[in-house]
>>> print(open('entry-v9.cif').read())   # mmCIF, C-alpha atoms
data_start
#
loop_
_atom_site.label_atom_id
_atom_site.label_comp_id
_atom_site.auth_asym_id
_atom_site.auth_seq_id
_atom_site.Cartn_x
_atom_site.Cartn_y
_atom_site.Cartn_z
CA MET A 1 23.16 17.14 23.70
CA ASN A 2 24.49 20.14 21.81
CA LYS A 3 22.12 22.73 20.45
CA LYS A 4 22.94 21.50 16.96
CA ILE A 5 22.43 17.84 16.16
CA ASN A 6 25.55 16.14 14.80
CA TRP A 7 24.67 13.95 11.83
CA GLY A 8 26.53 11.15 10.14
CA ILE A 9 25.68 9.79 6.69
CA LEU A 10 26.29 6.14 5.91
CA GLY A 11 26.36 5.38 2.17
CA LEU A 12 27.13 8.22 -0.23
CA GLY A 13 25.07 7.64 -3.37
CA LYS A 14 22.68 9.92 -5.23
CA ILE A 15 20.10 10.25 -2.47
CA ALA A 16 22.78 11.00 0.13
CA ASN A 17 23.90 13.99 -1.92
CA LYS A 18 20.38 15.41 -1.97
CA PHE A 19 19.98 14.76 1.74
CA ALA A 20 23.32 16.38 2.60
CA ASN A 21 22.39 19.45 0.59
CA ASP A 22 19.23 19.81 2.68
CA LEU A 23 21.15 19.30 5.92
CA LEU A 24 22.96 22.53 5.07
CA LEU A 25 19.58 24.31 5.13
CA SER A 26 18.85 23.30 8.72
CA ASN A 27 19.71 25.63 11.59
CA ASN A 28 19.58 22.67 13.99
CA ALA A 29 21.92 20.30 12.17
CA ASN A 30 25.61 19.84 11.52
CA LEU A 31 27.04 17.26 9.14
CA HIS A 32 29.75 15.84 11.34
CA ALA A 33 30.91 12.77 9.41
CA VAL A 34 30.31 10.67 6.31
CA ALA A 35 31.32 7.13 5.40
CA SER A 36 31.80 5.21 2.17
CA ARG A 37 33.68 2.07 1.16
CA SER A 38 35.80 4.42 -0.95
CA PHE A 39 37.91 6.84 1.11
CA GLU A 40 38.35 9.14 -1.90
CA LYS A 41 34.59 9.31 -2.34
CA ALA A 42 34.10 10.00 1.36
CA LYS A 43 36.72 12.77 1.35
CA GLU A 44 35.20 14.43 -1.72
CA PHE A 45 31.68 14.17 -0.27
CA ALA A 46 32.84 15.67 3.04
CA LYS A 47 34.51 18.54 1.20
CA THR A 48 31.41 19.24 -0.89
CA TYR A 49 29.04 19.37 2.08
CA ASN A 50 31.37 20.73 4.77
CA ALA A 51 31.49 17.56 6.87
CA ASN A 52 34.05 17.54 9.67
CA LYS A 53 35.21 13.96 9.11
CA SER A 54 35.22 11.24 6.47
CA TYR A 55 35.62 7.49 6.93
CA ASP A 56 36.28 4.59 4.56
CA ASN A 57 34.22 2.16 6.65
CA TYR A 58 30.94 2.25 8.49
CA THR A 59 32.21 0.95 11.82
CA GLU A 60 34.45 3.95 12.44
CA LEU A 61 31.59 6.31 11.70
CA VAL A 62 29.17 4.68 14.15
CA GLU A 63 31.88 4.58 16.80
CA ASP A 64 32.49 8.32 16.50
CA PRO A 65 31.40 9.65 19.93
CA GLU A 66 30.38 13.05 18.56
CA ILE A 67 27.67 11.74 16.23
CA ASP A 68 24.10 11.99 17.54
CA ILE A 69 22.23 10.40 14.62
CA VAL A 70 23.08 8.51 11.44
CA TYR A 71 21.21 8.72 8.14
CA ILE A 72 21.24 5.34 6.36
CA ALA A 73 21.38 5.89 2.59
CA THR A 74 22.55 2.48 1.39
CA PRO A 75 20.51 0.17 -0.94
CA HIS A 76 17.42 -1.51 0.54
CA PRO A 77 18.90 -4.91 1.53
CA PHE A 78 21.57 -3.25 3.68
CA HIS A 79 19.21 -1.13 5.78
CA PHE A 80 18.78 -3.79 8.45
CA ASP A 81 22.47 -4.52 9.03
CA ASN A 82 23.46 -0.85 8.80
CA THR A 83 20.72 0.27 11.19
CA MET A 84 21.50 -2.47 13.69
CA LEU A 85 25.20 -1.51 13.57
CA CYS A 86 24.22 2.04 14.51
CA LEU A 87 21.81 0.99 17.25
CA LEU A 88 24.30 -1.43 18.79
CA ASN A 89 26.70 1.51 19.02
CA ASN A 90 23.99 3.63 20.68
CA LYS A 91 23.38 5.90 17.71
CA ALA A 92 19.96 7.25 16.79
CA VAL A 93 18.93 6.40 13.21
CA LEU A 94 17.01 7.89 10.32
CA CYS A 95 16.82 5.02 7.83
CA GLU A 96 15.83 5.62 4.23
CA LYS A 97 12.69 3.80 3.13
CA PRO A 98 11.91 0.96 3.21
CA MET A 99 13.19 0.52 6.74
CA GLY A 100 13.74 -3.20 6.18
CA MET A 101 13.16 -5.87 3.58
CA ASP A 102 10.34 -7.46 5.56
CA SER A 103 8.38 -7.12 8.77
CA SER A 104 10.66 -9.46 10.71
CA GLN A 105 13.63 -7.16 10.09
CA VAL A 106 11.66 -4.04 11.02
CA THR A 107 10.39 -5.72 14.19
CA LEU A 108 13.94 -6.51 15.30
CA MET A 109 15.10 -2.96 14.52
CA ILE A 110 12.27 -1.48 16.56
CA LYS A 111 12.91 -3.82 19.51
CA GLU A 112 16.61 -2.93 19.54
CA ALA A 113 15.93 0.81 19.40
CA GLN A 114 13.32 0.60 22.16
CA SER A 115 15.52 -1.56 24.40
CA ARG A 116 18.23 1.10 24.18
CA ASN A 117 15.86 4.07 24.35
CA LEU A 118 17.17 5.31 21.01
CA PHE A 119 15.42 7.38 18.35
CA LEU A 120 14.56 5.47 15.17
CA MET A 121 12.55 6.70 12.19
CA GLU A 122 11.98 5.63 8.62
CA GLY A 123 12.95 8.32 6.13
CA LEU A 124 9.65 8.49 4.30
CA TRP A 125 9.85 12.14 3.29
CA THR A 126 6.30 12.24 1.89
CA ARG A 127 4.83 12.42 5.39
CA PHE A 128 6.71 15.56 6.35
CA ILE A 129 6.50 17.83 3.31
CA PRO A 130 4.15 20.86 3.53
CA ALA A 131 1.76 19.51 0.88
CA THR A 132 1.05 16.39 2.94
CA GLU A 133 0.52 18.45 6.08
CA LYS A 134 -1.97 20.60 4.16
CA LEU A 135 -3.66 17.54 2.68
CA LEU A 136 -4.29 16.10 6.13
CA GLU A 137 -5.54 19.45 7.39
CA ILE A 138 -8.09 19.65 4.56
CA ILE A 139 -9.29 16.08 5.00
CA ASN A 140 -9.55 16.38 8.79
CA SER A 141 -11.60 19.58 8.38
CA GLY A 142 -14.30 17.58 6.56
CA LYS A 143 -14.11 19.84 3.53
CA ILE A 144 -14.37 16.97 1.04
CA GLY A 145 -16.46 14.79 3.35
CA ASP A 146 -15.76 11.12 4.00
CA ILE A 147 -13.16 9.48 1.77
CA GLU A 148 -14.76 7.04 -0.67
CA PHE A 149 -12.01 6.27 -3.18
CA VAL A 150 -8.25 6.78 -3.50
CA ARG A 151 -6.27 6.50 -6.72
CA ALA A 152 -2.47 6.82 -6.85
CA ASP A 153 0.23 5.80 -9.29
CA PHE A 154 3.99 6.09 -9.53
CA GLY A 155 5.81 5.16 -12.71
CA PHE A 156 8.90 5.94 -14.71
CA LYS A 157 10.63 4.28 -17.61
CA GLY A 158 13.77 2.54 -16.42
CA ASP A 159 16.85 2.06 -18.57
CA LEU A 160 15.94 -1.62 -19.14
CA ASN A 161 19.39 -2.64 -17.99
CA LEU A 162 18.73 -5.90 -16.18
CA LYS A 163 22.08 -5.52 -14.40
CA SER A 164 21.12 -2.18 -12.84
CA ARG A 165 19.99 -1.79 -9.23
CA LEU A 166 16.35 -1.45 -10.28
CA TYR A 167 16.32 -4.98 -11.68
CA ASP A 168 18.81 -6.58 -9.29
CA LYS A 169 17.08 -8.91 -6.86
CA LYS A 170 20.11 -8.90 -4.55
CA LEU A 171 19.78 -5.10 -4.24
CA GLY A 172 16.04 -5.13 -3.56
CA GLY A 173 15.09 -4.25 -7.14
CA GLY A 174 11.61 -3.97 -8.60
CA SER A 175 8.91 -1.32 -8.61
CA LEU A 176 7.19 -2.31 -5.37
CA LEU A 177 9.93 -1.50 -2.83
CA ASP A 178 11.39 1.38 -4.82
CA ILE A 179 8.27 3.38 -5.75
CA GLY A 180 5.18 1.25 -5.05
CA ILE A 181 5.76 2.00 -1.39
CA TYR A 182 4.53 5.56 -1.97
CA PRO A 183 0.98 4.81 -3.22
CA ILE A 184 0.69 2.17 -0.49
CA TYR A 185 1.84 4.62 2.15
CA LEU A 186 -0.63 7.27 1.02
CA SER A 187 -3.52 4.84 1.35
CA LEU A 188 -2.40 3.72 4.81
CA LEU A 189 -1.96 7.35 5.89
CA LEU A 190 -5.50 8.24 4.82
CA LEU A 191 -7.42 5.02 5.42
CA GLY A 192 -5.38 2.72 7.62
CA ILE A 193 -4.74 -0.99 7.08
CA PRO A 194 -7.09 -2.51 4.46
CA ASP A 195 -9.39 -5.41 5.17
CA GLN A 196 -8.56 -7.08 1.86
CA ILE A 197 -5.60 -6.86 -0.50
CA LYS A 198 -5.50 -7.95 -4.13
CA ALA A 199 -2.37 -7.58 -6.22
CA ILE A 200 -0.99 -8.63 -9.61
CA ALA A 201 2.38 -7.89 -11.17
CA SER A 202 4.56 -8.26 -14.25
CA MET A 203 7.80 -10.01 -13.36
CA THR A 204 11.16 -9.68 -15.06
CA GLU A 205 13.63 -12.45 -15.85
CA THR A 206 15.58 -11.26 -12.80
CA GLU A 207 12.53 -12.22 -10.69
CA VAL A 208 11.51 -8.73 -9.55
CA ASP A 209 8.35 -6.85 -10.43
CA SER A 210 8.50 -4.32 -13.24
CA SER A 211 4.85 -3.30 -12.66
CA CYS A 212 2.48 -3.88 -9.79
CA SER A 213 -1.24 -3.13 -9.47
CA ILE A 214 -2.92 -3.26 -6.08
CA LEU A 215 -6.47 -2.97 -4.79
CA PHE A 216 -7.19 -2.26 -1.13
CA ASN A 217 -10.71 -2.92 0.09
CA TYR A 218 -12.04 -1.47 3.33
CA SER A 219 -15.08 -2.62 5.27
CA GLU A 220 -16.87 0.70 4.72
CA GLY A 221 -16.85 0.07 0.94
CA VAL A 222 -13.87 2.34 0.38
CA ILE A 223 -11.37 1.25 -2.28
CA ALA A 224 -7.80 2.31 -3.00
CA ASN A 225 -6.45 1.64 -6.49
CA LEU A 226 -2.65 1.77 -6.49
CA ASP A 227 -0.07 1.23 -9.22
CA SER A 228 3.69 1.27 -9.66
CA THR A 229 5.86 0.60 -12.69
CA ILE A 230 9.43 0.99 -13.93
CA GLU A 231 8.28 0.30 -17.50
CA SER A 232 6.47 3.57 -18.30
CA ASP A 233 6.36 7.24 -17.43
CA THR A 234 3.00 7.70 -15.71
CA ALA A 235 1.20 10.74 -14.32
CA THR A 236 2.47 9.96 -10.80
CA GLU A 237 -0.47 11.77 -9.24
CA ALA A 238 -2.95 10.92 -6.54
CA PHE A 239 -6.67 11.61 -6.22
CA ILE A 240 -8.73 11.45 -3.06
CA TYR A 241 -12.47 11.38 -3.70
CA GLY A 242 -14.79 12.24 -0.85
CA SER A 243 -18.55 12.47 -0.37
CA LYS A 244 -18.44 16.26 -0.80
CA GLY A 245 -15.50 16.80 -3.12
CA ALA A 246 -12.07 15.68 -4.26
CA ILE A 247 -8.38 16.51 -3.92
CA ARG A 248 -5.77 16.08 -6.61
CA ILE A 249 -2.15 15.77 -5.47
CA HIS A 250 -0.15 16.91 -8.45
CA GLN A 251 2.91 15.28 -9.99
CA ARG A 252 4.96 13.85 -8.39
CA PHE A 253 2.60 13.24 -5.53
CA HIS A 254 5.20 11.75 -3.18
CA HIS A 255 6.86 15.17 -2.92
CA ALA A 256 4.16 17.40 -4.37
CA ASN A 257 4.07 21.17 -4.23
CA LYS A 258 0.53 21.64 -5.51
CA LEU A 259 -2.97 20.49 -4.53
CA THR A 260 -6.28 21.09 -6.30
CA ILE A 261 -9.52 20.94 -4.33
CA SER A 262 -12.70 20.34 -6.38
CA ILE A 263 -16.13 20.89 -4.81
CA ASN A 264 -19.39 21.23 -6.77
CA GLY A 265 -17.56 22.09 -9.98
CA ASN A 266 -15.43 24.75 -8.34
CA GLN A 267 -11.68 24.35 -8.15
CA GLU A 268 -9.17 25.82 -5.74
CA VAL A 269 -5.49 25.42 -6.57
CA LEU A 270 -3.02 25.55 -3.70
CA ASP A 271 0.68 26.09 -4.36
CA ILE A 272 2.61 24.64 -1.45
CA PRO A 273 6.34 24.79 -2.19
CA TYR A 274 8.99 22.94 -0.26
CA HIS A 275 12.53 24.07 0.41
CA GLY A 276 15.60 22.40 -1.02
CA ASN A 277 15.17 18.86 -2.29
CA GLY A 278 12.33 18.08 0.10
CA TYR A 279 14.35 16.23 2.75
CA LEU A 280 14.61 19.21 5.09
CA TYR A 281 11.27 18.40 6.74
CA GLU A 282 12.16 14.86 7.80
CA ILE A 283 15.52 16.20 8.96
CA GLU A 284 13.81 18.79 11.16
CA GLU A 285 11.39 16.19 12.49
CA ALA A 286 14.32 14.03 13.56
CA ASN A 287 16.15 17.05 15.01
CA ASN A 288 13.11 18.12 17.01
CA CYS A 289 12.54 14.60 18.33
CA LEU A 290 16.14 14.35 19.51
CA LEU A 291 16.11 17.81 21.08
CA SER A 292 12.84 16.94 22.85
CA GLY A 293 14.03 13.53 24.02
CA ASN A 294 11.50 11.61 21.92
CA THR A 295 12.51 8.19 20.62
CA GLU A 296 10.05 8.16 17.73
CA SER A 297 8.03 10.54 15.58
CA SER A 298 4.33 11.08 16.21
CA LYS A 299 3.91 11.82 12.48
CA HIS A 300 5.50 8.61 11.23
CA SER A 301 5.72 6.28 14.20
CA LEU A 302 7.48 2.95 14.47
CA LYS A 303 4.07 1.28 14.33
CA ASN A 304 3.39 3.11 11.07
CA SER A 305 6.62 1.71 9.63
CA LEU A 306 5.78 -1.80 10.81
CA ASP A 307 2.25 -1.55 9.37
CA LEU A 308 3.68 -0.35 6.05
CA ILE A 309 6.17 -3.17 5.62
CA SER A 310 3.61 -5.73 6.85
CA VAL A 311 1.20 -4.67 4.09
CA ILE A 312 4.04 -4.75 1.56
CA ASP A 313 4.84 -8.29 2.73
CA LYS A 314 1.26 -9.31 1.90
CA VAL A 315 1.54 -7.76 -1.55
CA LYS A 316 4.84 -9.58 -2.13
CA ASP A 317 3.20 -12.88 -1.20
CA GLN A 318 0.41 -12.31 -3.72
CA ILE A 319 2.71 -11.45 -6.62
CA GLY A 320 5.30 -14.11 -5.81
CA LEU A 321 8.09 -11.66 -4.98
CA SER A 322 10.74 -12.77 -2.51
CA TYR A 323 14.21 -11.55 -1.63
#
>>> encode(input="entry-v9.cif", output="structure tokens")
Amino acid sequence: MNKKINWGILGLGKIANKFANDLLLSNNANLHAVASRSFEKAKEFAKTYNANKSYDNYTELVEDPEIDIVYIATPHPFHFDNTMLCLLNNKAVLCEKPMGMDSSQVTLMIKEAQSRNLFLMEGLWTRFIPATEKLLEIINSGKIGDIEFVRADFGFKGDLNLKSRLYDKKLGGGSLLDIGIYPIYLSLLLLGIPDQIKAIASMTETEVDSSCSILFNYSEGVIANLDSTIESDTATEAFIYGSKGAIRIHQRFHHANKLTISINGNQEVLDIPYHGNGYLYEIEEANNCLLSGNTESSKHSLKNSLDLISVIDKVKDQIGLSY
């Protein structure tokens, strides 16, 4: 493999633009090719981000022998087919979250990647940003003691257009998959899989959730209170309360650049900036794994992705959400 990792991007929407911008910040990466259903869009995207090639279909991109890894940036319901297309053409994959629509899809993706000895990772950028690394360092040091309670929310006011992606069931709409995944992920990262899950939601006429409230109960008496909504602008912060103190992850917690530690009435504010749009860190994790010959990340493993979607499946069952 070359010193620089050759990337391809499949799907050229808003998030792909942010990702491509951060690829330019990496010393280990080269944007080799991009693909869209629109050739004009692909050509313009390639020109903007200095990609070597542009394609008007996904098959040509994944068959390009110079590509080492493909970033999947299409809407949620297409992640499975797009990822499998890459894997079947022996391409490593970084798939935007959620990796699949349900645990059965993610299981098949993992099996295919493992059978071919290919790298596969879910693009859950929260795990890799500096603030999360610092958060884990603080918690593992015992500074705030044992975790007793977690509170996290993520909310914004959507445009209320029931024909938009956010409300479109066929495109994986609703708050749970789009933003509820972040509070859930934070709880799993800190506490693991809960012993009991309780969830309620407000459903739209398009049969997706506009708001979802979740309680995770753990055998040690620890509780996680998690919320997501596309009906209101919320604080979008997270709080971790321990036996000795607490940590506040400032807005927006899923790509925060500030933490506040509170112990015995004393506060310590930590500014922890990230570079670019925040995607650089998952890019470098994927680069390093490929350069080291690793087929998955130790920070966000394939088991972590399967655990995450399995918990989300249980929440979907409770609120009557199906795709």
>>> resolve_selection(input="entry-v9.cif", expression="the PyMOL selection byres ((chain A and resi 185-194) around 6)", output="JSON, numbers by chain")
{"A": [181, 182, 183, 184, 195, 196, 216, 217, 218]}
>>> closest_atom_pairs(input="entry-v9.cif", of="range 2-118 of chain A", to="range 288-309 of chain A", cutoff="9 Å", atoms="only C-alpha atoms", output="Markdown table")
| residue | atom | partner | partner_atom | distance |
| --- | --- | --- | --- | --- |
| A:Asn2 | CA | A:Leu291 | CA | 8.7 |
| A:Lys3 | CA | A:Leu291 | CA | 7.8 |
| A:Lys4 | CA | A:Leu291 | CA | 8.8 |
| A:Ile5 | CA | A:Leu290 | CA | 7.9 |
| A:Asn28 | CA | A:Asn288 | CA | 8.5 |
| A:Asp68 | CA | A:Leu290 | CA | 8.5 |
| A:Ile69 | CA | A:Leu290 | CA | 8.8 |
| A:Ala92 | CA | A:Thr295 | CA | 8.4 |
| A:Pro98 | CA | A:Ile309 | CA | 7.5 |
| A:Met99 | CA | A:Ser305 | CA | 7.3 |
| A:Gly100 | CA | A:Ile309 | CA | 7.6 |
| A:Met101 | CA | A:Ile309 | CA | 7.8 |
| A:Asp102 | CA | A:Ile309 | CA | 6.0 |
| A:Ser103 | CA | A:Ile309 | CA | 5.5 |
| A:Val106 | CA | A:Leu306 | CA | 6.3 |
| A:Thr107 | CA | A:Leu306 | CA | 6.9 |
| A:Ile110 | CA | A:Leu302 | CA | 6.9 |
| A:Ala113 | CA | A:Thr295 | CA | 8.2 |
| A:Gln114 | CA | A:Thr295 | CA | 7.8 |
| A:Asn117 | CA | A:Thr295 | CA | 6.5 |
| A:Leu118 | CA | A:Thr295 | CA | 5.5 |
>>> write_last_selection(input="entry-v9.cif", atoms="C-alpha atoms", output="compact mmCIF listing (two decimals), in the frame of the given file")
# COMPACT_ATOMS: atom_id res chain seq x y z
CA ASN A 2 24.49 20.14 21.81
CA LYS A 3 22.12 22.73 20.45
CA LYS A 4 22.94 21.50 16.96
CA ILE A 5 22.43 17.84 16.16
CA ASN A 28 19.58 22.67 13.99
CA ASP A 68 24.10 11.99 17.54
CA ILE A 69 22.23 10.40 14.62
CA ALA A 92 19.96 7.25 16.79
CA PRO A 98 11.91 0.96 3.21
CA MET A 99 13.19 0.52 6.74
CA GLY A 100 13.74 -3.20 6.18
CA MET A 101 13.16 -5.87 3.58
CA ASP A 102 10.34 -7.46 5.56
CA SER A 103 8.38 -7.12 8.77
CA VAL A 106 11.66 -4.04 11.02
CA THR A 107 10.39 -5.72 14.19
CA ILE A 110 12.27 -1.48 16.56
CA ALA A 113 15.93 0.81 19.40
CA GLN A 114 13.32 0.60 22.16
CA ASN A 117 15.86 4.07 24.35
CA LEU A 118 17.17 5.31 21.01
>>> resolve_selection(input="entry-v9.cif", expression="the PyMOL selection byres ((chain A and resi 249) around 6)", output="list in words")
Glu237, Ala238, Arg248, His250, Phe253 and Leu259 of chain A
>>> resolve_selection(input="entry-v9.cif", expression="the PyMOL selection byres ((chain A and resi 83) around 12)", output="VMD selection string")
chain A and resid 9 to 11 58 to 59 62 69 to 74 76 to 82 84 to 100 105 to 106 108 to 110 112 to 113 118 to 122
>>> residues_near_point(input="entry-v9.cif", point="(33.3, 23.3, 6.9)", cutoff="12 Å", atoms="all atoms listed in the file", output="PyMOL selection string")
chain A and resi 24+30-33+45-53
>>> atom_distance(input="entry-v9.cif", atom1="CA of Gly242 in chain A", atom2="CA of Ile179 in chain A")
25.2 Å
>>> residues_near_point(input="entry-v9.cif", point="(3.3, -6.0, -8.7)", cutoff="6 Å", atoms="all atoms listed in the file", output="PyMOL selection string")
chain A and resi 200-201+209+211-213+319
>>> write_last_selection(input="entry-v9.cif", atoms="C-alpha atoms", output="PDB file, in the coordinates of the input")
ATOM      1  CA  ILE A 200      -0.990  -8.630  -9.610  1.00  0.00           C
ATOM      2  CA  ALA A 201       2.380  -7.890 -11.170  1.00  0.00           C
ATOM      3  CA  ASP A 209       8.350  -6.850 -10.430  1.00  0.00           C
ATOM      4  CA  SER A 211       4.850  -3.300 -12.660  1.00  0.00           C
ATOM      5  CA  CYS A 212       2.480  -3.880  -9.790  1.00  0.00           C
ATOM      6  CA  SER A 213      -1.240  -3.130  -9.470  1.00  0.00           C
ATOM      7  CA  ILE A 319       2.710 -11.450  -6.620  1.00  0.00           C
TER       8      ILE A 319
END
>>> closest_residue(input="entry-v9.cif", among="A:Ile144, A:Val311, A:Leu166, A:Leu321", to="Ser243 in chain A", atoms="only C-alpha atoms")
A:Ile144
>>> closest_residue(input="entry-v9.cif", among="A:Leu280, A:Leu12, A:Ile214, A:Ala131", to="Arg37 in chain A", atoms="only C-alpha atoms")
A:Leu12
>>> closest_residue(input="entry-v9.cif", among="A:Ile147, A:Ala42, A:Ile67, A:Leu162", to="Glu207 in chain A", atoms="only C-alpha atoms")
A:Leu162
>>> atom_distance(input="entry-v9.cif", atom1="CA of Glu231 in chain A", atom2="CA of Asp159 in chain A")
8.8 Å
>>> closest_residue(input="entry-v9.cif", among="A:Pro75, A:Phe156, A:Gly8, A:Glu60", to="Leu171 in chain A", atoms="only C-alpha atoms")
A:Pro75
>>> residues_around(input="entry-v9.cif", residues="Ser262 in chain A", least_positions_apart="4", cutoff="10 Å", atoms="only C-alpha atoms", output="VMD selection string")
chain A and resid 144 241 244 to 248 266 to 269
>>> atom_distance(input="entry-v9.cif", atom1="CA of Pro130 in chain A", atom2="CA of Ala20 in chain A")
19.7 Å
>>> closest_residue(input="entry-v9.cif", among="A:Phe239, A:Tyr167, A:Phe149, A:Phe39", to="Ala224 in chain A", atoms="only C-alpha atoms")
A:Phe149
>>> closest_residue(input="entry-v9.cif", among="A:Asn17, A:Ser26, A:Thr229, A:Asn264", to="Gly173 in chain A", atoms="all atoms listed in the file")
A:Thr229
>>> axis_aligned_box(input="entry-v9.cif", around="range 6-11 of chain A", padding_each_side="5 Å", output="JSON")
{"center_x": 25.6, "center_y": 10.8, "center_z": 8.5, "size_x": 11.9, "size_y": 20.8, "size_z": 22.6}
>>> decode(input="entry-v9.cif", residues="range 196-215 of chain A", atoms="N, CA and C atoms", output="PDB file, in the first residue's frame")
ATOM      1  N   GLN A 196     -31.909  -2.805  31.169  1.00  0.00           N
ATOM      2  CA  GLN A 196     -33.322  -2.544  30.875  1.00  0.00           C
ATOM      3  C   GLN A 196     -33.430  -1.271  30.045  1.00  0.00           C
ATOM      4  N   ILE A 197     -34.319  -1.293  29.065  1.00  0.00           N
ATOM      5  CA  ILE A 197     -34.546  -0.136  28.201  1.00  0.00           C
ATOM      6  C   ILE A 197     -36.022   0.228  28.224  1.00  0.00           C
ATOM      7  N   LYS A 198     -36.298   1.515  28.431  1.00  0.00           N
ATOM      8  CA  LYS A 198     -37.657   2.021  28.349  1.00  0.00           C
ATOM      9  C   LYS A 198     -37.651   3.217  27.407  1.00  0.00           C
ATOM     10  N   ALA A 199     -38.585   3.249  26.471  1.00  0.00           N
ATOM     11  CA  ALA A 199     -38.597   4.334  25.495  1.00  0.00           C
ATOM     12  C   ALA A 199     -40.019   4.706  25.105  1.00  0.00           C
ATOM     13  N   ILE A 200     -40.227   6.010  24.886  1.00  0.00           N
ATOM     14  CA  ILE A 200     -41.485   6.524  24.354  1.00  0.00           C
ATOM     15  C   ILE A 200     -41.145   7.534  23.264  1.00  0.00           C
ATOM     16  N   ALA A 201     -42.084   7.774  22.358  1.00  0.00           N
ATOM     17  CA  ALA A 201     -41.800   8.686  21.259  1.00  0.00           C
ATOM     18  C   ALA A 201     -43.066   9.356  20.762  1.00  0.00           C
ATOM     19  N   SER A 202     -42.883  10.503  20.123  1.00  0.00           N
ATOM     20  CA  SER A 202     -43.947  11.164  19.371  1.00  0.00           C
ATOM     21  C   SER A 202     -43.732  10.805  17.913  1.00  0.00           C
ATOM     22  N   MET A 203     -44.801  10.317  17.267  1.00  0.00           N
ATOM     23  CA  MET A 203     -44.690   9.874  15.886  1.00  0.00           C
ATOM     24  C   MET A 203     -45.381  10.867  14.947  1.00  0.00           C
ATOM     25  N   THR A 204     -44.835  10.999  13.760  1.00  0.00           N
ATOM     26  CA  THR A 204     -45.408  11.892  12.764  1.00  0.00           C
ATOM     27  C   THR A 204     -46.374  11.114  11.870  1.00  0.00           C
ATOM     28  N   GLU A 205     -47.080  11.838  11.016  1.00  0.00           N
ATOM     29  CA  GLU A 205     -48.004  11.162  10.099  1.00  0.00           C
ATOM     30  C   GLU A 205     -47.258  10.375   9.032  1.00  0.00           C
ATOM     31  N   THR A 206     -45.941  10.610   8.919  1.00  0.00           N
ATOM     32  CA  THR A 206     -45.124   9.814   7.993  1.00  0.00           C
ATOM     33  C   THR A 206     -44.553   8.578   8.677  1.00  0.00           C
ATOM     34  N   GLU A 207     -44.968   8.343   9.931  1.00  0.00           N
ATOM     35  CA  GLU A 207     -44.638   7.143  10.702  1.00  0.00           C
ATOM     36  C   GLU A 207     -43.165   7.057  11.109  1.00  0.00           C
ATOM     37  N   VAL A 208     -42.544   8.211  11.353  1.00  0.00           N
ATOM     38  CA  VAL A 208     -41.222   8.245  11.972  1.00  0.00           C
ATOM     39  C   VAL A 208     -41.329   9.054  13.251  1.00  0.00           C
ATOM     40  N   ASP A 209     -40.337   8.919  14.120  1.00  0.00           N
ATOM     41  CA  ASP A 209     -40.377   9.619  15.400  1.00  0.00           C
ATOM     42  C   ASP A 209     -39.858  11.043  15.253  1.00  0.00           C
ATOM     43  N   SER A 210     -40.613  11.989  15.786  1.00  0.00           N
ATOM     44  CA  SER A 210     -40.143  13.374  15.813  1.00  0.00           C
ATOM     45  C   SER A 210     -39.434  13.672  17.127  1.00  0.00           C
ATOM     46  N   SER A 211     -39.759  12.918  18.170  1.00  0.00           N
ATOM     47  CA  SER A 211     -39.081  13.014  19.468  1.00  0.00           C
ATOM     48  C   SER A 211     -39.036  11.635  20.102  1.00  0.00           C
ATOM     49  N   CYS A 212     -37.953  11.379  20.812  1.00  0.00           N
ATOM     50  CA  CYS A 212     -37.802  10.080  21.471  1.00  0.00           C
ATOM     51  C   CYS A 212     -37.107  10.271  22.811  1.00  0.00           C
ATOM     52  N   SER A 213     -37.692   9.704  23.856  1.00  0.00           N
ATOM     53  CA  SER A 213     -37.105   9.754  25.197  1.00  0.00           C
ATOM     54  C   SER A 213     -36.825   8.338  25.672  1.00  0.00           C
ATOM     55  N   ILE A 214     -35.602   8.138  26.167  1.00  0.00           N
ATOM     56  CA  ILE A 214     -35.142   6.788  26.508  1.00  0.00           C
ATOM     57  C   ILE A 214     -34.548   6.770  27.904  1.00  0.00           C
ATOM     58  N   LEU A 215     -34.839   5.715  28.638  1.00  0.00           N
ATOM     59  CA  LEU A 215     -34.193   5.448  29.923  1.00  0.00           C
ATOM     60  C   LEU A 215     -33.445   4.131  29.837  1.00  0.00           C
TER      61      LEU A 215
END
